[in-house]
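Report on the following structure.
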Amino acid sequence: MAPSSPENDDLGARIKAAQDQHRAKTEPKPRSSAASGYGLGMKIVLDLVGGALVGLIFGLALDRVAGTEPWGLIILLCLGMAAGFRLMLRTAEQQAKRNAESADAADDPSQKG
């Protein structure tokens, strides 16, 4: 068979079309900033509230078991709030890092592959 037969050209075109279609399906889609911002805000709020709730529950349980009312509640509630605040700051820091990396990638076209 000749190297440039019509069957080979048709097969090559079909392979290229299938690869392009696969690439279009698997390529990551840009997220809308409103939706990702809403999700990030919810995560930050839930980190803070969740830490306080965990501290509250464990504080109440400690007070009931040990009979140290209200000190277990006060101490563990403060620890829970501190843990939630720490999680909130970590999340904000990670998002700032991602934003800086995406801005750097957008500014430097040589890194695109």
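Here's how to read the names in the structure tokens: chain A, B, ... by the order shown, residue numbers from 1 in each chain, ligand numbers from 1 in the order shown.
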
**OP:** May I have the residues within 12 Å of range 36-41 of chain A as a list of chain:residue names, using only C-alpha atoms and disregarding those fewer than 4 positions away in the same chain?
**Re:** A:Pro30, A:Arg31, A:Ser32, A:Val45, A:Leu46, A:Asp47, A:Leu48, A:Met88, A:Leu89, A:Arg90, A:Thr91, A:Ala92, A:Glu93, A:Gln94, A:Gln95, A:Ala96, A:Asn99

Any chance you could export the current selection's C-alpha atoms as a compact mmCIF listing (two decimals), in the first residue's frame?
```txt
# COMPACT_ATOMS: atom_id res chain seq x y z
CA PRO A 30 -12.44 27.91 33.90
CA ARG A 31 -14.58 28.31 37.00
CA SER A 32 -16.68 31.39 37.37
CA VAL A 45 -17.48 30.51 57.61
CA LEU A 46 -17.99 26.80 58.25
CA ASP A 47 -14.39 26.45 59.47
CA LEU A 48 -14.92 29.21 62.00
CA MET A 88 -9.93 30.14 58.27
CA LEU A 89 -6.55 31.87 57.93
CA ARG A 90 -4.99 28.77 56.37
CA THR A 91 -7.78 28.57 53.78
CA ALA A 92 -7.40 32.27 52.93
CA GLU A 93 -3.63 31.86 52.62
CA GLN A 94 -3.99 28.86 50.28
CA GLN A 95 -6.45 30.77 48.10
CA ALA A 96 -4.15 33.78 47.94
CA ASN A 99 -4.50 33.35 42.91
```

Subject >> Coordinates-based distance that separates CA of Glu101 in chain A from CA of Ala82 in chain A (Å, one decimal) >> reply: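 Distance between the two atoms: 28.6 Å.
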
**OP:** Give the answer as one residue: which of A:Ala13, A:Asp63, A:Trp71, A:Gly50 has the shortest atom-to-atom distance to Phe85 in chain A, using only C-alpha atoms?
**Re:**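 Going through A:Ala13, A:Asp63, A:Trp71, A:Gly50 one by one, the smallest distance to Phe85 in chain A is for A:Gly50.
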
**OP:** Would you work out the distance separating CA of Leu76 in chain A from CA of Phe58 in chain A, expressed in Å to one decimal?
**Re:**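 One can read the CA of Leu76 in chain A to CA of Phe58 in chain A distance as 6.8 Å.
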
Could you pull out the residues in range 30-75 of chain A that DSSP calls alpha helix (DSSP H) from the backbone, as a PDB file with N, CA and C atoms, in the first residue's frame?
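Resulting contents of out-v6.pdb:
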```
ATOM      1  N   SER A  33     -15.818  33.129  38.783  1.00  0.00           N
ATOM      2  CA  SER A  33     -15.296  33.672  40.028  1.00  0.00           C
ATOM      3  C   SER A  33     -16.385  33.817  41.073  1.00  0.00           C
ATOM      4  N   ALA A  34     -17.634  34.040  40.654  1.00  0.00           N
ATOM      5  CA  ALA A  34     -18.721  34.184  41.622  1.00  0.00           C
ATOM      6  C   ALA A  34     -18.975  32.865  42.337  1.00  0.00           C
ATOM      7  N   ALA A  35     -19.009  31.759  41.599  1.00  0.00           N
ATOM      8  CA  ALA A  35     -19.281  30.461  42.205  1.00  0.00           C
ATOM      9  C   ALA A  35     -18.121  30.021  43.094  1.00  0.00           C
ATOM     10  N   SER A  36     -16.897  30.199  42.633  1.00  0.00           N
ATOM     11  CA  SER A  36     -15.767  29.775  43.453  1.00  0.00           C
ATOM     12  C   SER A  36     -15.619  30.687  44.671  1.00  0.00           C
ATOM     13  N   GLY A  37     -15.957  31.958  44.528  1.00  0.00           N
ATOM     14  CA  GLY A  37     -15.913  32.872  45.669  1.00  0.00           C
ATOM     15  C   GLY A  37     -16.952  32.518  46.712  1.00  0.00           C
ATOM     16  N   TYR A  38     -18.140  32.130  46.259  1.00  0.00           N
ATOM     17  CA  TYR A  38     -19.197  31.719  47.178  1.00  0.00           C
ATOM     18  C   TYR A  38     -18.780  30.464  47.939  1.00  0.00           C
ATOM     19  N   GLY A  39     -18.215  29.495  47.239  1.00  0.00           N
ATOM     20  CA  GLY A  39     -17.767  28.267  47.887  1.00  0.00           C
ATOM     21  C   GLY A  39     -16.654  28.525  48.889  1.00  0.00           C
ATOM     22  N   LEU A  40     -15.742  29.411  48.527  1.00  0.00           N
ATOM     23  CA  LEU A  40     -14.648  29.747  49.434  1.00  0.00           C
ATOM     24  C   LEU A  40     -15.180  30.447  50.673  1.00  0.00           C
ATOM     25  N   GLY A  41     -16.125  31.348  50.484  1.00  0.00           N
ATOM     26  CA  GLY A  41     -16.714  32.038  51.632  1.00  0.00           C
ATOM     27  C   GLY A  41     -17.432  31.080  52.559  1.00  0.00           C
ATOM     28  N   MET A  42     -18.163  30.131  51.976  1.00  0.00           N
ATOM     29  CA  MET A  42     -18.860  29.145  52.802  1.00  0.00           C
ATOM     30  C   MET A  42     -17.872  28.280  53.578  1.00  0.00           C
ATOM     31  N   LYS A  43     -16.766  27.900  52.947  1.00  0.00           N
ATOM     32  CA  LYS A  43     -15.766  27.087  53.638  1.00  0.00           C
ATOM     33  C   LYS A  43     -15.163  27.854  54.803  1.00  0.00           C
ATOM     34  N   ILE A  44     -14.861  29.120  54.594  1.00  0.00           N
ATOM     35  CA  ILE A  44     -14.265  29.926  55.659  1.00  0.00           C
ATOM     36  C   ILE A  44     -15.236  30.069  56.833  1.00  0.00           C
ATOM     37  N   VAL A  45     -16.494  30.363  56.539  1.00  0.00           N
ATOM     38  CA  VAL A  45     -17.483  30.511  57.607  1.00  0.00           C
ATOM     39  C   VAL A  45     -17.684  29.185  58.350  1.00  0.00           C
ATOM     40  N   LEU A  46     -17.779  28.094  57.608  1.00  0.00           N
ATOM     41  CA  LEU A  46     -17.988  26.800  58.253  1.00  0.00           C
ATOM     42  C   LEU A  46     -16.776  26.374  59.086  1.00  0.00           C
ATOM     43  N   ASP A  47     -15.574  26.729  58.655  1.00  0.00           N
ATOM     44  CA  ASP A  47     -14.389  26.446  59.468  1.00  0.00           C
ATOM     45  C   ASP A  47     -14.483  27.164  60.811  1.00  0.00           C
ATOM     46  N   LEU A  48     -14.850  28.419  60.771  1.00  0.00           N
ATOM     47  CA  LEU A  48     -14.918  29.206  61.999  1.00  0.00           C
ATOM     48  C   LEU A  48     -16.054  28.730  62.902  1.00  0.00           C
ATOM     49  N   VAL A  49     -17.237  28.549  62.357  1.00  0.00           N
ATOM     50  CA  VAL A  49     -18.385  28.112  63.144  1.00  0.00           C
ATOM     51  C   VAL A  49     -18.197  26.670  63.621  1.00  0.00           C
ATOM     52  N   GLY A  50     -17.644  25.822  62.766  1.00  0.00           N
ATOM     53  CA  GLY A  50     -17.426  24.429  63.150  1.00  0.00           C
ATOM     54  C   GLY A  50     -16.464  24.293  64.308  1.00  0.00           C
ATOM     55  N   GLY A  51     -15.403  25.060  64.293  1.00  0.00           N
ATOM     56  CA  GLY A  51     -14.451  25.017  65.405  1.00  0.00           C
ATOM     57  C   GLY A  51     -15.097  25.440  66.708  1.00  0.00           C
ATOM     58  N   ALA A  52     -15.913  26.493  66.649  1.00  0.00           N
ATOM     59  CA  ALA A  52     -16.600  26.954  67.855  1.00  0.00           C
ATOM     60  C   ALA A  52     -17.605  25.908  68.347  1.00  0.00           C
ATOM     61  N   LEU A  53     -18.333  25.284  67.438  1.00  0.00           N
ATOM     62  CA  LEU A  53     -19.312  24.270  67.839  1.00  0.00           C
ATOM     63  C   LEU A  53     -18.648  23.048  68.463  1.00  0.00           C
ATOM     64  N   VAL A  54     -17.537  22.621  67.886  1.00  0.00           N
ATOM     65  CA  VAL A  54     -16.820  21.465  68.451  1.00  0.00           C
ATOM     66  C   VAL A  54     -16.323  21.807  69.855  1.00  0.00           C
ATOM     67  N   GLY A  55     -15.777  22.998  70.025  1.00  0.00           N
ATOM     68  CA  GLY A  55     -15.338  23.421  71.353  1.00  0.00           C
ATOM     69  C   GLY A  55     -16.485  23.499  72.334  1.00  0.00           C
ATOM     70  N   LEU A  56     -17.627  23.998  71.878  1.00  0.00           N
ATOM     71  CA  LEU A  56     -18.812  24.092  72.731  1.00  0.00           C
ATOM     72  C   LEU A  56     -19.284  22.713  73.186  1.00  0.00           C
ATOM     73  N   ILE A  57     -19.385  21.782  72.246  1.00  0.00           N
ATOM     74  CA  ILE A  57     -19.874  20.436  72.572  1.00  0.00           C
ATOM     75  C   ILE A  57     -18.928  19.716  73.520  1.00  0.00           C
ATOM     76  N   PHE A  58     -17.628  19.769  73.220  1.00  0.00           N
ATOM     77  CA  PHE A  58     -16.673  19.095  74.100  1.00  0.00           C
ATOM     78  C   PHE A  58     -16.585  19.783  75.453  1.00  0.00           C
ATOM     79  N   GLY A  59     -16.733  21.100  75.478  1.00  0.00           N
ATOM     80  CA  GLY A  59     -16.719  21.820  76.750  1.00  0.00           C
ATOM     81  C   GLY A  59     -17.894  21.443  77.625  1.00  0.00           C
ATOM     82  N   LEU A  60     -19.092  21.372  77.014  1.00  0.00           N
ATOM     83  CA  LEU A  60     -20.272  20.961  77.774  1.00  0.00           C
ATOM     84  C   LEU A  60     -20.121  19.531  78.282  1.00  0.00           C
ATOM     85  N   ALA A  61     -19.586  18.643  77.438  1.00  0.00           N
ATOM     86  CA  ALA A  61     -19.395  17.250  77.847  1.00  0.00           C
ATOM     87  C   ALA A  61     -18.390  17.151  78.991  1.00  0.00           C
ATOM     88  N   LEU A  62     -17.304  17.909  78.905  1.00  0.00           N
ATOM     89  CA  LEU A  62     -16.296  17.885  79.967  1.00  0.00           C
ATOM     90  C   LEU A  62     -16.886  18.403  81.275  1.00  0.00           C
ATOM     91  N   ASP A  63     -17.647  19.478  81.198  1.00  0.00           N
ATOM     92  CA  ASP A  63     -18.265  20.020  82.405  1.00  0.00           C
ATOM     93  C   ASP A  63     -19.235  19.028  83.034  1.00  0.00           C
ATOM     94  N   ARG A  64     -19.986  18.338  82.217  1.00  0.00           N
ATOM     95  CA  ARG A  64     -20.961  17.385  82.742  1.00  0.00           C
ATOM     96  C   ARG A  64     -20.248  16.195  83.392  1.00  0.00           C
ATOM     97  N   VAL A  65     -19.184  15.701  82.753  1.00  0.00           N
ATOM     98  CA  VAL A  65     -18.472  14.519  83.283  1.00  0.00           C
ATOM     99  C   VAL A  65     -17.629  14.887  84.499  1.00  0.00           C
ATOM    100  N   ALA A  66     -16.882  15.986  84.398  1.00  0.00           N
ATOM    101  CA  ALA A  66     -15.949  16.337  85.463  1.00  0.00           C
ATOM    102  C   ALA A  66     -16.572  17.246  86.515  1.00  0.00           C
ATOM    103  N   TRP A  71     -15.943  26.162  83.557  1.00  0.00           N
ATOM    104  CA  TRP A  71     -14.567  26.319  83.084  1.00  0.00           C
ATOM    105  C   TRP A  71     -14.240  25.460  81.872  1.00  0.00           C
ATOM    106  N   GLY A  72     -14.713  24.245  81.822  1.00  0.00           N
ATOM    107  CA  GLY A  72     -14.457  23.410  80.648  1.00  0.00           C
ATOM    108  C   GLY A  72     -15.070  24.009  79.399  1.00  0.00           C
ATOM    109  N   LEU A  73     -16.285  24.529  79.543  1.00  0.00           N
ATOM    110  CA  LEU A  73     -16.957  25.174  78.415  1.00  0.00           C
ATOM    111  C   LEU A  73     -16.182  26.395  77.947  1.00  0.00           C
ATOM    112  N   ILE A  74     -15.779  27.239  78.878  1.00  0.00           N
ATOM    113  CA  ILE A  74     -15.076  28.478  78.507  1.00  0.00           C
ATOM    114  C   ILE A  74     -13.755  28.158  77.824  1.00  0.00           C
ATOM    115  N   ILE A  75     -12.984  27.267  78.409  1.00  0.00           N
ATOM    116  CA  ILE A  75     -11.648  26.966  77.871  1.00  0.00           C
ATOM    117  C   ILE A  75     -11.751  26.269  76.512  1.00  0.00           C
TER     118      ILE A  75
END
```
